[in-house]
Amino acid sequence: MLPYFQFNSIIIGPVTIQVWGLLVSLGIVAGTALAYYLAGKYLLSRDAMIDLILWALISALFFARVFHVVFYNPAYYLLNPGSIFKFWQGGASSLGGFFGAALAVWLFAKKRKFSWRELLPYLDVGLASLWLGWGIGRLGCFLIHDHPGTLSHFMLAVRFPDGARHDLGLYESILGFALFIVFILLFKRLAKIRWGLIAGLSIATYALARFFLDFLRATDLEGSDARYFALTPAQWGMLLVVILLTMASVWSKIRRHENVK
């Protein structure tokens, strides 16, 4: 098992740096830098890639907060509406972030008049880069232990003060790095087969893994994630993602079959 420690902030003279924010920022920088490099390598517009990332990032941050307020702790924010805007106090939903990013990508494609076929290479580059940033950013969640799980004797469980528990921040960081390594190694091969495979397969893998990981989230602690019919909001979201990806895959196969005819 892993020892318990909490690393919330770094104090340098009069400046206090929040560790979670620092790791998330480093993840964004690393992911953006990789996307910039890959866009050039595969002859995509680097300017368009950076613009797409900015659109997705701004929308993701906004909807991450909205989803947290609406789905994770609505009772508290109804009683304390002023706290809705105190984002620096924490509280962001990754499900909302994914929704916001997807909405921004759709709006970006509409505004720039990108066809679906033209957009797919950018999605592949963006998703491969996202998982690097996700792994780094989730390390911040692990260091401050803001996603404690159920009690466990698993070898990667953390010895929290009240007993050893799963730490979902750690698990999601491992998942992010694993997805990055796998799909960056397979990038060239999958891109040759068909653009869009990297985005589709990596999103599907994350969605399935996240669905099952959320069963490990604590239910016995104050501030535990909300449950709707025994599932977290993220689990319902991941189910929807899998359904939509399945429908898109079926439709794509039908269209390719028709084109062959």
# chains A, B, ... in the order shown; residues from 1 in each chain; ligands from 1
$ select_by_dssp --residues "stretch 81-238 of chain A" --states "alpha helix (DSSP H)" --output "VMD selection string"
chain A and resid 94 to 112 116 to 144 168 to 185 187 to 193 197 to 213 233 to 238
$ atom_distance --atom1 "atom CA of A:Ile174" --atom2 "atom CA of A:Leu239"
21.4 Å
$ residues_around --residues "A:Leu197" --least-positions-apart "4" --cutoff "12 Å" --atoms "only C-alpha atoms" --output "number ranges by chain"
A: 120-125, 127-128, 183, 186-193, 201-205, 245, 248-249, 252
$ write_last_selection --atoms "N, CA and C atoms" --output "PDB file, in the first residue's frame"
ATOM      1  N   LEU A 120     -11.522  15.135 -38.561  1.00  0.00           N
ATOM      2  CA  LEU A 120     -11.065  13.907 -37.912  1.00  0.00           C
ATOM      3  C   LEU A 120      -9.569  13.886 -37.570  1.00  0.00           C
ATOM      4  N   PRO A 121      -8.655  14.302 -38.466  1.00  0.00           N
ATOM      5  CA  PRO A 121      -7.236  14.296 -38.087  1.00  0.00           C
ATOM      6  C   PRO A 121      -6.952  15.183 -36.878  1.00  0.00           C
ATOM      7  N   TYR A 122      -7.631  16.316 -36.784  1.00  0.00           N
ATOM      8  CA  TYR A 122      -7.438  17.209 -35.637  1.00  0.00           C
ATOM      9  C   TYR A 122      -7.945  16.561 -34.351  1.00  0.00           C
ATOM     10  N   LEU A 123      -9.045  15.809 -34.466  1.00  0.00           N
ATOM     11  CA  LEU A 123      -9.558  15.108 -33.291  1.00  0.00           C
ATOM     12  C   LEU A 123      -8.573  14.040 -32.821  1.00  0.00           C
ATOM     13  N   ASP A 124      -7.987  13.313 -33.757  1.00  0.00           N
ATOM     14  CA  ASP A 124      -7.016  12.278 -33.384  1.00  0.00           C
ATOM     15  C   ASP A 124      -5.804  12.886 -32.682  1.00  0.00           C
ATOM     16  N   VAL A 125      -5.278  13.966 -33.256  1.00  0.00           N
ATOM     17  CA  VAL A 125      -4.129  14.640 -32.639  1.00  0.00           C
ATOM     18  C   VAL A 125      -4.518  15.191 -31.271  1.00  0.00           C
ATOM     19  N   LEU A 127      -6.946  14.232 -29.188  1.00  0.00           N
ATOM     20  CA  LEU A 127      -7.206  13.202 -28.176  1.00  0.00           C
ATOM     21  C   LEU A 127      -5.930  12.528 -27.714  1.00  0.00           C
ATOM     22  N   ALA A 128      -5.018  12.231 -28.640  1.00  0.00           N
ATOM     23  CA  ALA A 128      -3.741  11.619 -28.238  1.00  0.00           C
ATOM     24  C   ALA A 128      -2.997  12.533 -27.273  1.00  0.00           C
ATOM     25  N   PHE A 183      -1.786   4.903 -27.424  1.00  0.00           N
ATOM     26  CA  PHE A 183      -2.239   5.511 -28.676  1.00  0.00           C
ATOM     27  C   PHE A 183      -1.166   6.347 -29.365  1.00  0.00           C
ATOM     28  N   LEU A 186       0.620   3.669 -31.301  1.00  0.00           N
ATOM     29  CA  LEU A 186      -0.183   3.154 -32.409  1.00  0.00           C
ATOM     30  C   LEU A 186      -0.634   4.248 -33.369  1.00  0.00           C
ATOM     31  N   PHE A 187      -0.246   5.488 -33.094  1.00  0.00           N
ATOM     32  CA  PHE A 187      -0.798   6.626 -33.841  1.00  0.00           C
ATOM     33  C   PHE A 187      -0.615   6.470 -35.350  1.00  0.00           C
ATOM     34  N   LYS A 188       0.604   6.248 -35.778  1.00  0.00           N
ATOM     35  CA  LYS A 188       0.884   6.189 -37.209  1.00  0.00           C
ATOM     36  C   LYS A 188       0.124   5.049 -37.877  1.00  0.00           C
ATOM     37  N   ARG A 189       0.100   3.903 -37.215  1.00  0.00           N
ATOM     38  CA  ARG A 189      -0.581   2.729 -37.790  1.00  0.00           C
ATOM     39  C   ARG A 189      -2.086   2.960 -37.903  1.00  0.00           C
ATOM     40  N   LEU A 190      -2.699   3.500 -36.845  1.00  0.00           N
ATOM     41  CA  LEU A 190      -4.144   3.733 -36.866  1.00  0.00           C
ATOM     42  C   LEU A 190      -4.510   4.851 -37.842  1.00  0.00           C
ATOM     43  N   ALA A 191      -3.666   5.879 -37.905  1.00  0.00           N
ATOM     44  CA  ALA A 191      -3.940   6.984 -38.823  1.00  0.00           C
ATOM     45  C   ALA A 191      -3.906   6.507 -40.275  1.00  0.00           C
ATOM     46  N   LYS A 192      -3.034   5.551 -40.577  1.00  0.00           N
ATOM     47  CA  LYS A 192      -2.972   5.018 -41.940  1.00  0.00           C
ATOM     48  C   LYS A 192      -4.235   4.239 -42.287  1.00  0.00           C
ATOM     49  N   ILE A 193      -4.778   3.561 -41.290  1.00  0.00           N
ATOM     50  CA  ILE A 193      -6.006   2.794 -41.541  1.00  0.00           C
ATOM     51  C   ILE A 193      -7.166   3.744 -41.809  1.00  0.00           C
ATOM     52  N   LEU A 201     -11.475   5.169 -30.500  1.00  0.00           N
ATOM     53  CA  LEU A 201     -11.043   4.068 -29.640  1.00  0.00           C
ATOM     54  C   LEU A 201     -10.592   4.555 -28.267  1.00  0.00           C
ATOM     55  N   SER A 202      -9.882   5.685 -28.232  1.00  0.00           N
ATOM     56  CA  SER A 202      -9.396   6.169 -26.936  1.00  0.00           C
ATOM     57  C   SER A 202     -10.536   6.690 -26.071  1.00  0.00           C
ATOM     58  N   ILE A 203     -11.510   7.357 -26.672  1.00  0.00           N
ATOM     59  CA  ILE A 203     -12.670   7.831 -25.905  1.00  0.00           C
ATOM     60  C   ILE A 203     -13.467   6.644 -25.378  1.00  0.00           C
ATOM     61  N   ALA A 204     -13.679   5.635 -26.222  1.00  0.00           N
ATOM     62  CA  ALA A 204     -14.425   4.456 -25.795  1.00  0.00           C
ATOM     63  C   ALA A 204     -13.713   3.736 -24.653  1.00  0.00           C
ATOM     64  N   THR A 205     -12.390   3.619 -24.764  1.00  0.00           N
ATOM     65  CA  THR A 205     -11.620   2.954 -23.707  1.00  0.00           C
ATOM     66  C   THR A 205     -11.715   3.725 -22.400  1.00  0.00           C
ATOM     67  N   LEU A 245     -21.063   6.428 -29.411  1.00  0.00           N
ATOM     68  CA  LEU A 245     -19.947   5.925 -30.210  1.00  0.00           C
ATOM     69  C   LEU A 245     -20.339   4.668 -30.973  1.00  0.00           C
ATOM     70  N   ALA A 248     -22.444   5.754 -33.864  1.00  0.00           N
ATOM     71  CA  ALA A 248     -21.610   6.395 -34.884  1.00  0.00           C
ATOM     72  C   ALA A 248     -20.809   5.362 -35.660  1.00  0.00           C
ATOM     73  N   SER A 249     -20.320   4.332 -34.960  1.00  0.00           N
ATOM     74  CA  SER A 249     -19.556   3.285 -35.625  1.00  0.00           C
ATOM     75  C   SER A 249     -20.418   2.507 -36.604  1.00  0.00           C
ATOM     76  N   SER A 252     -21.130   4.692 -39.586  1.00  0.00           N
ATOM     77  CA  SER A 252     -19.944   4.815 -40.429  1.00  0.00           C
ATOM     78  C   SER A 252     -19.754   3.579 -41.300  1.00  0.00           C
TER      79      SER A 252
END
$ atom_distance --atom1 "atom CA of A:Gly27" --atom2 "atom CA of A:Trp134"
6.4 Å
$ closest_residue --among "A:Trp116, A:Phe85, A:Trp251, A:Trp131" --to "A:Ala30" --atoms "only C-alpha atoms"
A:Trp131
$ atom_distance --atom1 "atom CA of A:Leu78" --atom2 "atom CA of A:Arg138"
28.7 Å
$ residues_around --residues "stretch 224-234 of chain A" --least-positions-apart "6" --cutoff "12 Å" --atoms "only C-alpha atoms" --output "ChimeraX atom specification"
/A:64,67-75,91-99,146-150,168,206-218,240-241
$ closest_residue --among "A:Ser59, A:Leu79, A:Leu143, A:Gly137" --to "A:Trp106" --atoms "only C-alpha atoms"
A:Ser59
$ closest_atom_pairs --of "stretch 69-153 of chain A" --to "stretch 41-56 of chain A" --cutoff "8 Å" --atoms "only C-alpha atoms" --output "CSV"
residue,atom,partner,partner_atom,distance
A:Gly100,CA,A:Ala56,CA,6.8
A:Ala101,CA,A:Ala56,CA,4.2
A:Ala102,CA,A:Ala56,CA,7.2
A:Leu103,CA,A:Ala56,CA,7.8
A:Ala104,CA,A:Ala56,CA,5.1
A:Val105,CA,A:Ala56,CA,6.2
A:Phe108,CA,A:Leu52,CA,6.7
A:Pro121,CA,A:Leu44,CA,7.8
A:Tyr122,CA,A:Met49,CA,6.6
A:Gly126,CA,A:Ile53,CA,7.6
$ write_last_selection --atoms "C-alpha atoms" --output "PDB file, in the first residue's frame"
ATOM      1  CA  GLY A 100     -18.004  21.502 -23.039  1.00  0.00           C
ATOM      2  CA  ALA A 101     -15.054  20.412 -25.159  1.00  0.00           C
ATOM      3  CA  ALA A 102     -17.305  18.417 -27.505  1.00  0.00           C
ATOM      4  CA  LEU A 103     -19.667  21.370 -27.888  1.00  0.00           C
ATOM      5  CA  ALA A 104     -16.751  23.695 -28.647  1.00  0.00           C
ATOM      6  CA  VAL A 105     -15.360  21.305 -31.283  1.00  0.00           C
ATOM      7  CA  PHE A 108     -15.486  25.372 -34.162  1.00  0.00           C
ATOM      8  CA  PRO A 121      -7.236  14.296 -38.087  1.00  0.00           C
ATOM      9  CA  TYR A 122      -7.438  17.209 -35.637  1.00  0.00           C
ATOM     10  CA  GLY A 126      -6.128  16.394 -29.930  1.00  0.00           C
TER      11      GLY A 126
END
$ residues_around --residues "stretch 161-163 of chain A" --least-positions-apart "6" --cutoff "10 Å" --atoms "only C-alpha atoms" --output "MDAnalysis selection string"
chainID A and resid 4:5 150:153
$ closest_residue --among "A:Ile17, A:Met1, A:Tyr76, A:Leu38" --to "A:Gly223" --atoms "only C-alpha atoms"
A:Tyr76
$ closest_residue --among "A:Lys110, A:Ser129, A:Phe87, A:Pro81" --to "A:Ala39" --atoms "only C-alpha atoms"
A:Ser129
$ select_by_dssp --residues "stretch 14-193 of chain A" --states "strand (DSSP E or B)" --output "list in words"
Val15, Thr16, Ile17, Gln18, Pro148, Gly149, Thr150, Leu151, Val158, Arg159, Phe160, Gly163, Ala164, Arg165, His166 and Asp167 of chain A
$ closest_residue --among "A:Phe63, A:Ile144, A:Ala178, A:Leu139" --to "A:Ser25" --atoms "only C-alpha atoms"
A:Leu139
